[in-house]
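Asker: Got a file for you: start_12.cif, mmCIF, C-alpha atoms.
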```cif
data_data
#
loop_
_atom_site.label_atom_id
_atom_site.label_comp_id
_atom_site.auth_asym_id
_atom_site.auth_seq_id
_atom_site.Cartn_x
_atom_site.Cartn_y
_atom_site.Cartn_z
CA ILE A 1 90.74 58.00 121.72
CA VAL A 2 90.39 54.22 121.39
CA PRO A 3 88.79 53.58 117.99
CA THR A 4 86.93 50.33 118.67
CA PRO A 5 83.21 49.92 119.20
CA PHE A 6 83.13 47.24 121.87
CA SER A 7 84.91 45.67 124.83
CA ASP A 8 87.22 48.51 125.83
CA GLU A 9 88.18 48.28 129.48
CA ALA A 10 88.47 52.06 129.80
CA GLN A 11 86.74 54.03 127.08
CA ALA A 12 88.28 57.44 126.65
CA TYR A 13 85.24 58.65 124.76
CA ALA A 14 82.25 57.63 126.90
CA PRO A 15 80.28 59.92 129.24
CA GLY A 16 82.02 59.80 132.59
CA ASN A 17 79.83 60.97 135.47
CA GLY A 18 80.13 57.56 137.12
CA GLU A 19 83.88 57.45 136.61
CA LEU A 20 84.18 60.87 138.26
CA PHE A 21 82.47 59.45 141.33
CA PHE A 22 84.96 56.56 141.39
CA LEU A 23 87.79 59.07 141.07
CA TRP A 24 86.53 60.96 144.12
CA LEU A 25 86.56 57.67 146.04
CA MET A 26 90.18 57.04 145.01
CA LEU A 27 91.89 60.39 145.45
CA PRO A 28 91.62 60.86 149.24
CA PHE A 29 92.83 57.32 149.99
CA HIS A 30 95.33 56.87 147.13
CA GLY A 31 93.78 53.55 146.19
CA ASP A 32 90.75 51.84 144.70
CA LEU A 33 89.45 50.00 147.79
CA LEU A 34 86.26 52.08 148.01
CA ALA A 35 85.91 52.54 144.26
CA ARG A 36 85.73 48.76 143.78
CA PHE A 37 82.27 48.75 145.35
CA GLY A 38 81.52 52.37 144.56
CA GLN A 39 78.11 51.54 143.13
CA MET A 40 76.77 50.38 146.50
CA PRO A 41 75.44 53.84 147.51
CA PHE A 42 73.52 53.93 144.23
CA THR A 43 72.05 50.48 144.87
CA LEU A 44 70.72 51.72 148.21
CA LEU A 45 69.46 54.91 146.55
CA ALA A 46 67.63 52.79 143.96
CA ALA A 47 65.98 50.79 146.75
CA ALA A 48 64.81 54.01 148.43
CA ALA A 49 63.54 55.49 145.15
CA LEU A 50 61.69 52.27 144.33
CA TYR A 51 59.96 52.36 147.72
CA LEU A 52 58.89 55.97 147.14
CA LEU A 53 57.64 55.13 143.65
CA ALA A 54 55.60 52.20 144.97
CA ARG A 55 54.06 54.48 147.60
CA ARG A 56 53.27 57.10 144.95
CA LEU A 57 51.43 54.43 142.95
CA GLY A 58 49.26 53.66 145.97
CA ALA A 59 50.97 50.67 147.57
CA SER A 60 50.69 50.14 151.32
CA ARG A 61 53.78 50.60 153.45
CA GLU A 62 54.21 46.87 154.00
CA GLY A 63 53.67 46.15 150.32
CA ALA A 64 56.08 48.88 149.20
CA ILE A 65 58.90 47.14 151.08
CA TYR A 66 58.98 44.16 148.74
CA PRO A 67 60.09 45.71 145.42
CA PRO A 68 63.28 47.20 146.94
CA ALA A 69 63.85 44.00 148.93
CA PHE A 70 63.83 41.89 145.77
CA LEU A 71 65.88 44.52 143.95
CA LEU A 72 68.61 43.97 146.54
CA LEU A 73 68.32 40.20 145.93
CA SER A 74 68.64 40.41 142.15
CA ARG A 75 71.85 38.66 141.11
CA PRO A 76 72.72 41.11 138.28
CA VAL A 77 72.25 44.07 140.63
CA LEU A 78 74.41 42.53 143.35
CA GLU A 79 77.12 41.52 140.90
CA GLN A 80 77.27 45.06 139.53
CA THR A 81 77.12 46.61 143.00
CA VAL A 82 80.46 45.07 143.97
CA GLY A 83 82.15 46.01 140.69
CA ALA A 84 83.51 49.32 139.45
CA ASN A 85 81.20 49.60 136.46
CA VAL A 86 78.46 52.19 135.95
CA ASP A 87 75.44 50.04 135.10
CA VAL A 88 73.85 50.35 138.55
CA ILE A 89 74.60 54.09 138.59
CA CYS A 90 72.89 54.49 135.22
CA ALA A 91 69.88 52.36 136.24
CA THR A 92 69.52 54.18 139.55
CA LEU A 93 69.54 57.60 137.94
CA PHE A 94 67.00 56.33 135.40
CA LEU A 95 64.70 55.21 138.22
CA LEU A 96 65.26 58.38 140.22
CA SER A 97 64.52 60.55 137.18
CA LEU A 98 61.34 58.54 136.59
CA TYR A 99 60.13 59.12 140.15
CA LEU A 100 61.12 62.80 140.18
CA GLY A 101 59.50 63.30 136.79
CA ILE A 102 56.19 61.91 138.05
CA ARG A 103 56.47 64.11 141.11
CA ALA A 104 57.19 67.17 138.96
CA ILE A 105 54.11 66.46 136.84
CA ASP A 106 52.01 66.08 139.99
CA THR A 107 53.08 69.42 141.47
CA ASP A 108 54.12 71.31 138.32
CA GLU A 109 56.43 73.36 140.54
CA PRO A 110 59.58 74.83 138.94
CA ARG A 111 61.79 73.49 141.75
CA ASP A 112 60.52 69.93 141.19
CA TRP A 113 61.19 70.19 137.47
CA ALA A 114 64.66 71.62 138.21
CA ILE A 115 65.53 68.72 140.54
CA CYS A 116 64.24 66.25 137.95
CA GLY A 117 66.46 67.95 135.37
CA LEU A 118 69.52 67.56 137.62
CA SER A 119 68.86 63.84 137.98
CA LEU A 120 68.18 63.46 134.26
CA GLY A 121 71.38 65.33 133.37
CA LEU A 122 73.43 63.09 135.67
CA TYR A 123 71.74 60.09 134.04
CA LEU A 124 72.46 61.21 130.47
CA GLY A 125 76.08 61.92 131.38
CA THR A 126 76.67 58.45 132.80
CA LYS A 127 76.58 56.19 129.76
CA TYR A 128 75.75 56.28 126.04
CA LEU A 129 73.01 53.77 126.84
CA ALA A 130 71.10 56.56 128.59
CA LEU A 131 70.35 58.15 125.21
CA VAL A 132 68.62 54.98 124.02
CA TYR A 133 66.08 55.24 126.85
CA ALA A 134 65.77 59.04 126.73
CA PRO A 135 62.53 58.87 124.64
CA ILE A 136 60.79 57.45 127.74
CA PHE A 137 61.37 60.77 129.51
CA VAL A 138 60.18 62.76 126.50
CA VAL A 139 56.91 60.80 126.63
CA LEU A 140 56.81 61.28 130.41
CA ALA A 141 57.16 65.05 130.10
CA LEU A 142 54.24 65.14 127.65
CA ALA A 143 52.10 62.54 129.43
CA ARG A 144 49.72 65.08 130.95
CA GLY A 145 49.99 67.56 128.11
CA PRO A 146 52.67 70.15 127.20
CA ARG A 147 53.53 72.60 129.93
CA ARG A 148 55.95 75.51 130.04
CA SER A 149 57.31 74.64 133.49
CA VAL A 150 59.14 71.63 132.03
CA LEU A 151 61.74 74.09 130.73
CA TRP A 152 63.07 74.35 134.29
CA ALA A 153 64.53 70.85 133.77
CA LEU A 154 66.76 71.92 130.89
CA PRO A 155 69.56 73.63 132.90
CA GLY A 156 70.30 70.42 134.82
CA VAL A 157 70.25 68.35 131.65
CA VAL A 158 72.64 70.75 129.90
CA LEU A 159 74.93 71.18 132.91
CA PHE A 160 75.49 67.51 133.78
CA GLY A 161 74.77 65.69 130.52
CA ALA A 162 75.74 67.82 127.54
CA PRO A 163 79.45 68.52 128.31
CA TRP A 164 80.51 64.92 127.61
CA TYR A 165 78.88 64.90 124.18
CA VAL A 166 80.18 68.35 123.31
CA ARG A 167 83.68 67.23 124.30
CA ASN A 168 83.47 64.17 122.04
CA TRP A 169 82.19 66.22 119.15
CA ILE A 170 85.09 68.66 119.47
CA VAL A 171 87.83 66.09 120.11
CA ALA A 172 86.71 63.13 118.01
CA GLY A 173 84.33 64.58 115.44
CA SER A 174 81.18 62.88 116.71
CA PRO A 175 79.19 63.36 119.94
CA LEU A 176 78.59 59.58 119.96
CA TYR A 177 82.12 58.51 119.08
CA PRO A 178 83.06 55.93 117.89
CA ALA A 179 79.67 55.85 116.13
CA SER A 180 78.75 58.30 113.40
CA VAL A 181 75.57 60.34 113.68
CA THR A 182 73.30 60.15 110.63
CA LEU A 183 69.82 61.46 109.92
CA GLY A 184 67.86 60.44 106.85
CA GLY A 185 71.02 59.13 105.17
CA LEU A 186 72.91 62.39 105.83
CA THR A 187 75.98 62.11 108.05
CA LEU A 188 75.84 64.92 110.60
CA ALA A 189 78.97 63.86 112.51
CA ARG A 190 81.50 61.31 111.33
CA GLY A 191 82.91 58.82 113.84
CA ALA A 192 85.10 55.77 113.40
CA PHE A 193 82.18 53.45 112.50
CA ASP A 194 78.90 53.84 110.67
CA HIS A 195 75.65 52.15 111.72
CA SER A 196 76.22 48.96 109.75
CA ALA A 197 79.69 48.53 111.24
CA MET A 198 78.35 48.98 114.77
CA LEU A 199 75.90 46.13 114.11
CA ASN A 200 78.58 43.85 112.66
CA THR A 201 79.17 41.82 115.80
CA VAL A 202 78.19 38.37 117.05
CA PHE A 203 76.58 40.10 120.03
CA HIS A 204 73.87 41.68 117.89
CA THR A 205 70.91 39.50 116.97
CA SER A 206 67.47 39.75 115.42
CA ASP A 207 66.36 36.37 116.83
CA ALA A 208 63.43 37.32 119.06
CA GLY A 209 63.45 33.77 120.44
CA LEU A 210 66.39 34.81 122.64
CA LEU A 211 64.37 37.52 124.41
CA PRO A 212 62.99 35.26 127.20
CA ALA A 213 66.49 34.06 128.09
CA LEU A 214 67.82 37.61 127.87
CA THR A 215 65.18 38.99 130.22
CA ALA A 216 65.51 36.05 132.62
CA HIS A 217 69.25 36.58 132.86
CA GLY A 218 68.80 40.33 133.14
CA LEU A 219 66.49 39.93 136.14
CA GLY A 220 68.26 36.91 137.62
CA PRO A 221 66.89 33.42 136.75
CA THR A 222 65.81 32.54 140.31
CA LEU A 223 64.02 35.87 140.71
CA PHE A 224 62.56 35.56 137.21
CA LEU A 225 60.70 32.34 138.08
CA LEU A 226 59.18 34.05 141.11
CA TRP A 227 58.45 37.24 139.18
CA ILE A 228 56.27 35.60 136.50
CA PRO A 229 53.22 34.81 138.71
CA VAL A 230 53.70 37.98 140.76
CA ALA A 231 53.73 40.11 137.60
CA LEU A 232 50.44 38.55 136.51
CA ILE A 233 48.65 39.00 139.84
CA GLY A 234 50.21 42.24 141.08
CA GLY A 235 50.37 43.73 137.60
CA VAL A 236 46.61 43.42 137.14
CA ALA A 237 46.01 45.08 140.52
CA LEU A 238 48.40 47.88 139.56
CA LEU A 239 46.78 48.48 136.17
CA ARG A 240 43.38 48.81 137.80
CA ARG A 241 44.63 52.08 139.29
CA GLY A 242 44.41 53.78 135.92
CA TRP A 243 46.79 54.80 133.19
CA TRP A 244 48.45 57.61 135.17
CA PRO A 245 50.92 57.01 136.58
CA ALA A 246 50.33 53.25 137.12
CA GLY A 247 49.77 52.35 133.48
CA PHE A 248 52.70 54.48 132.35
CA VAL A 249 55.08 52.90 134.87
CA CYS A 250 53.89 49.41 133.90
CA ALA A 251 54.83 50.19 130.30
CA VAL A 252 58.35 51.37 131.20
CA PRO A 253 59.99 47.90 131.42
CA LEU A 254 58.43 46.91 128.10
CA ALA A 255 59.69 50.13 126.54
CA VAL A 256 63.21 49.50 127.89
CA VAL A 257 63.28 45.99 126.41
CA ALA A 258 62.02 47.24 123.02
CA LEU A 259 64.40 50.20 122.88
CA CYS A 260 67.33 47.98 123.85
CA TRP A 261 66.42 45.35 121.28
CA PHE A 262 66.12 47.80 118.38
CA GLY A 263 68.42 50.61 119.50
CA VAL A 264 71.52 49.04 121.06
CA PRO A 265 74.16 47.46 118.78
CA VAL A 266 75.09 44.86 121.43
CA ASN A 267 71.50 43.93 122.16
CA VAL A 268 72.23 40.56 123.79
CA ASP A 269 74.07 42.05 126.75
CA SER A 270 71.61 41.75 129.63
CA ARG A 271 73.39 44.55 131.56
CA PHE A 272 71.71 46.99 129.23
CA LEU A 273 68.29 45.91 130.53
CA MET A 274 69.12 46.94 134.09
CA PRO A 275 66.97 50.12 133.98
CA ALA A 276 63.96 47.81 133.55
CA ILE A 277 64.58 45.76 136.70
CA ALA A 278 63.28 48.18 139.34
CA PRO A 279 60.05 49.18 137.52
CA ALA A 280 59.39 45.52 136.70
CA LEU A 281 59.44 44.67 140.42
CA LEU A 282 56.63 47.08 141.34
CA PRO A 283 53.88 44.38 141.05
CA PHE A 284 55.36 42.82 144.22
CA ALA A 285 53.91 45.78 146.13
CA PHE A 286 50.37 45.15 144.92
CA LEU A 287 49.79 41.57 145.99
CA PHE A 288 48.08 42.73 149.17
CA ASP A 289 44.47 43.67 149.92
CA SER A 290 43.50 45.34 153.19
CA HIS A 291 40.21 43.39 153.20
CA ARG A 292 41.75 39.92 152.76
CA ARG A 293 43.84 39.10 155.82
CA ILE A 294 44.34 35.41 155.06
CA TRP A 295 45.43 36.22 151.51
CA ASN A 296 47.88 38.79 152.85
CA ARG A 297 49.42 36.26 155.23
CA VAL A 298 49.81 33.76 152.41
CA ALA A 299 51.38 36.46 150.23
CA HIS A 300 53.85 37.42 152.97
CA ALA A 301 54.82 33.79 153.57
CA SER A 302 55.20 33.13 149.84
CA LEU A 303 57.42 36.15 149.29
CA LEU A 304 59.62 35.29 152.29
CA ALA A 305 59.93 31.74 150.93
CA GLY A 306 60.86 33.28 147.57
CA MET A 307 63.63 35.28 149.21
CA ALA A 308 65.00 32.11 150.79
CA TRP A 309 64.78 30.37 147.39
CA ILE A 310 66.83 33.13 145.75
CA VAL A 311 69.51 32.89 148.42
CA VAL A 312 69.70 29.08 148.42
CA GLY A 313 68.82 28.26 144.81
CA ARG A 314 69.37 24.92 143.17
CA GLN A 315 72.18 23.25 141.24
CA ALA A 316 70.27 23.25 137.94
CA GLU A 317 69.48 25.34 134.88
CA ILE A 318 66.31 26.32 133.09
CA PRO A 319 66.41 24.09 129.97
CA ALA A 320 66.88 26.07 126.78
CA ALA A 321 68.85 25.92 123.54
CA LEU A 322 71.05 29.01 123.58
CA PRO A 323 74.11 30.32 121.69
CA TRP A 324 77.56 29.61 123.11
CA PHE A 325 77.94 33.05 124.68
CA MET A 326 74.79 32.45 126.75
CA ASN A 327 76.10 29.32 128.44
CA GLY A 328 75.19 29.37 132.13
CA TRP A 329 72.83 32.32 131.75
CA LEU A 330 69.85 30.38 133.10
CA SER A 331 71.58 28.81 136.08
CA LEU A 332 69.41 28.54 139.20
CA ASP A 333 72.34 28.74 141.60
CA GLY A 334 71.60 30.64 144.78
CA LEU A 335 73.26 33.88 145.78
CA VAL A 336 75.22 32.01 148.44
CA SER A 337 77.23 28.90 147.60
CA PRO A 338 76.10 25.80 149.54
CA PRO A 339 79.26 25.53 151.70
CA TYR A 340 78.63 29.04 153.05
CA LEU A 341 74.88 28.87 153.71
CA LEU A 342 75.26 28.38 157.45
#
```
Kindly present the structure from the file in structure tokens form.
Answerer:
Amino acid sequence: IVPTPFSDEAQAYAPGNGELFFLWLMLPFHGDLLARFGQMPFTLLAAAALYLLARRLGASREGAIYPPAFLLLSRPVLEQTVGANVDVICATLFLLSLYLGIRAIDTDEPRDWAICGLSLGLYLGTKYLALVYAPIFVVLALARGPRRSVLWALPGVVLFGAPWYVRNWIVAGSPLYPASVTLGGLTLARGAFDHSAMLNTVFHTSDAGLLPALTAHGLGPTLFLLWIPVALIGGVALLRRGWWPAGFVCAVPLAVVALCWFGVPVNVDSRFLMPAIAPALLPFAFLFDSHRRIWNRVAHASLLAGMAWIVVGRQAEIPAALPWFMNGWLSLDGLVSPPYLL
């Protein structure tokens, strides 16, 4: 057990579903060649799940293509895809659980709840961060009223999520080691650090003025500039479809940002906002109107131009006064360096 709250290269105490997948990629070939970009299958799975979610919300087939397309052009997603971390795995399982949860509510079939539970268990067993966003799924399960069939999701949650936390509780004394678990001032499980110690880091802030830069970096600055007008136009069209499930899904990115800000000790690490990226891109699917052909053509052309802009970029930064550890966060560099554009 490594008794330090942050910056461990290999945490012996964290949930390890993602690391198990990397291990399976290493054992047959006696090397880490495949494990180095082991998150790529999950990036593709996220794109597919995002397409299905857009279709479930009522987007046309041509419109539903754009959210996954821009997901695959998001700099943070691409950077994580080619690295052996678990942030994309965690975000993908979050998105997949969201889609499967909506589907389970629609059908209320035990098998759909069971499959949702499997995905949710894999998600909870991937990273401690998953617990921070778990309240979203509690609200989701109760969104259309309590129902007994939701209990079919519990076996998957227990099977794939709980063992890591039980292990930590037995071995280290706390299911959330190195953090202690307290409730109402009573310590239920003692770890290496209490709550105040976990917050005692330069990477925790209460300065809400940093939130725009944090979200821009979390989405990718070039994509962020394109997303702002799209979110306004497409978001309004999406909200007109009612609170369920459109309104609920629209609230998910906001809930992720709020839960990260107030619930994560290192709340200025934009990686922790990755579960919000895919749901935040859904307005791209609702820019189109079957009765406005000229508008649709303009929308298609604008989005294709936006894709080219993200790839090419510009040698500049969005002007902002930021702390030292945010230097370069708002760079508008393209995904491809200028010498390699051809």
Asker: Please indicate the distance in Å from atom CA of A:Val236 to atom CA of A:Arg75, rounded to one decimal place.
Answerer: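 The value is 26.0 Å.
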Asker: Counting only C-alpha atoms, which residue out of A:Gly306, A:Gly328, A:Gly209, A:Pro338 sits closest to A:Leu73?
Answerer: A:Gly306
Asker: What separation in Å, quoted to one decimal, exists between atom CA of A:Leu287 and atom CA of A:Tyr51?
Answerer: 14.9 Å
Asker: Could you check which of A:Pro221, A:Gly38, A:Pro283, A:Gly242 is closest to A:Gly18, using all atoms listed in the file?
Answerer: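 Closest to A:Gly18 of all the choices is A:Gly38.
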Asker: Write out as a list in words which residues come within 10 Å of A:Pro245 when counting only C-alpha atoms, dropping same-chain ones fewer than 3 positions away.
Answerer: Leu53, Arg56, Leu57, Ile102, Ile105, Asp106, Leu140, Ala143, Arg144, Leu238, Leu239, Arg241, Gly242, Phe248, Val249 and Cys250 of chain A
Asker: Fewer than 3 positions away in the same chain doesn't count, so skip those; otherwise give me all residues within 12 Å of A:Tyr340, counting only C-alpha atoms, as a count of residues only.
Answerer: 6
Asker: Could you pull the residues within 9 Å of A:Ser206, counting only C-alpha atoms, minus those fewer than 4 positions along the same chain, as a ChimeraX atom specification?
Answerer: /A:210,261-262,267
Asker: Show which residues sit within 12 Å of A:Ser290, as a ChimeraX atom specification. Count all atoms listed in the file, and ignore same-chain residues fewer than 2 positions away.
Answerer: /A:59-63,286-288,292-297
Asker: I want to know what sits within 12 Å of A:Leu100, based on all atoms listed in the file, with residues of the same chain fewer than 2 positions away left out; could you give that as a PyMOL selection string?
Answerer: chain A and resi 49-50+52-53+56+93-98+102-109+111-120+137+140-141+153
Asker: So which one's closest to A:Asn17, A:Gln80, A:Thr201, A:Ser74, A:Thr126? Using all atoms listed in the file, please.
Answerer: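 Ranking A:Gln80, A:Thr201, A:Ser74, A:Thr126 by distance to A:Asn17, first place goes to A:Thr126.
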Asker: What residues come out when you apply the PyMOL selection byres ((chain A and resi 194) around 9) to this file, written as JSON, numbers by chain?
Answerer: {"A": [178, 179, 180, 181, 182, 190, 191, 192, 193, 195, 196, 197, 198, 199]}
Asker: Mind working out the centre and edge lengths of an axis-aligned box for stretch 21-27 of chain A, all listed atoms inside, 8 Å added to each side, rounded to one decimal in Å and written as AutoDock Vina command-line options?
Answerer:
```
--center_x 87.2 --center_y 58.8 --center_z 143.6 --size_x 25.4 --size_y 20.4 --size_z 21.0
```
Asker: What does the structure give for the distance between atom CA of A:Leu78 and atom CA of A:Gly220, in Å to one decimal?
Answerer: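 Computed distance, atom CA of A:Leu78 to atom CA of A:Gly220, equals 10.1 Å.
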Asker: Within 12 Å of (74.6, 41.2, 136.7), in the coordinates the file gives, what residues turn up when you count all atoms listed in the file, written out as a VMD selection string?
Answerer: chain A and resid 71 to 83 85 to 88 214 to 221 269 to 274 277 329 335
Asker: Name the closest residue to A:Pro275 among the candidates A:Val252, A:Leu20, A:Ile170, A:Val150; distances are taken between atoms, counting all atoms listed in the file.
Answerer: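 Of A:Val252, A:Leu20, A:Ile170, A:Val150, the one nearest A:Pro275 is A:Val252, counting all atoms listed in the file.
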Asker: Given all atoms listed in the file as the basis, pick out the residue of A:Val138, A:Leu131, A:Ala237, A:Leu34 nearest to A:Pro175.
Answerer: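 So, comparing all the options, the nearest one is A:Leu131.
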Asker: Given the file above and the PyMOL selection byres ((chain A and resi 16) around 10), which residues are selected, and can you give them as number ranges by chain?
Answerer: A: 11-15, 17-22, 86, 122, 124-128, 161, 164
Asker: Find, counting all atoms listed in the file, the residue in A:Asn327, A:Asp333, A:Ala47, A:Ala301 that gets nearest to A:Gln315.
Answerer: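 Comparing A:Asn327, A:Asp333, A:Ala47, A:Ala301 against A:Gln315, the winner is A:Asp333.
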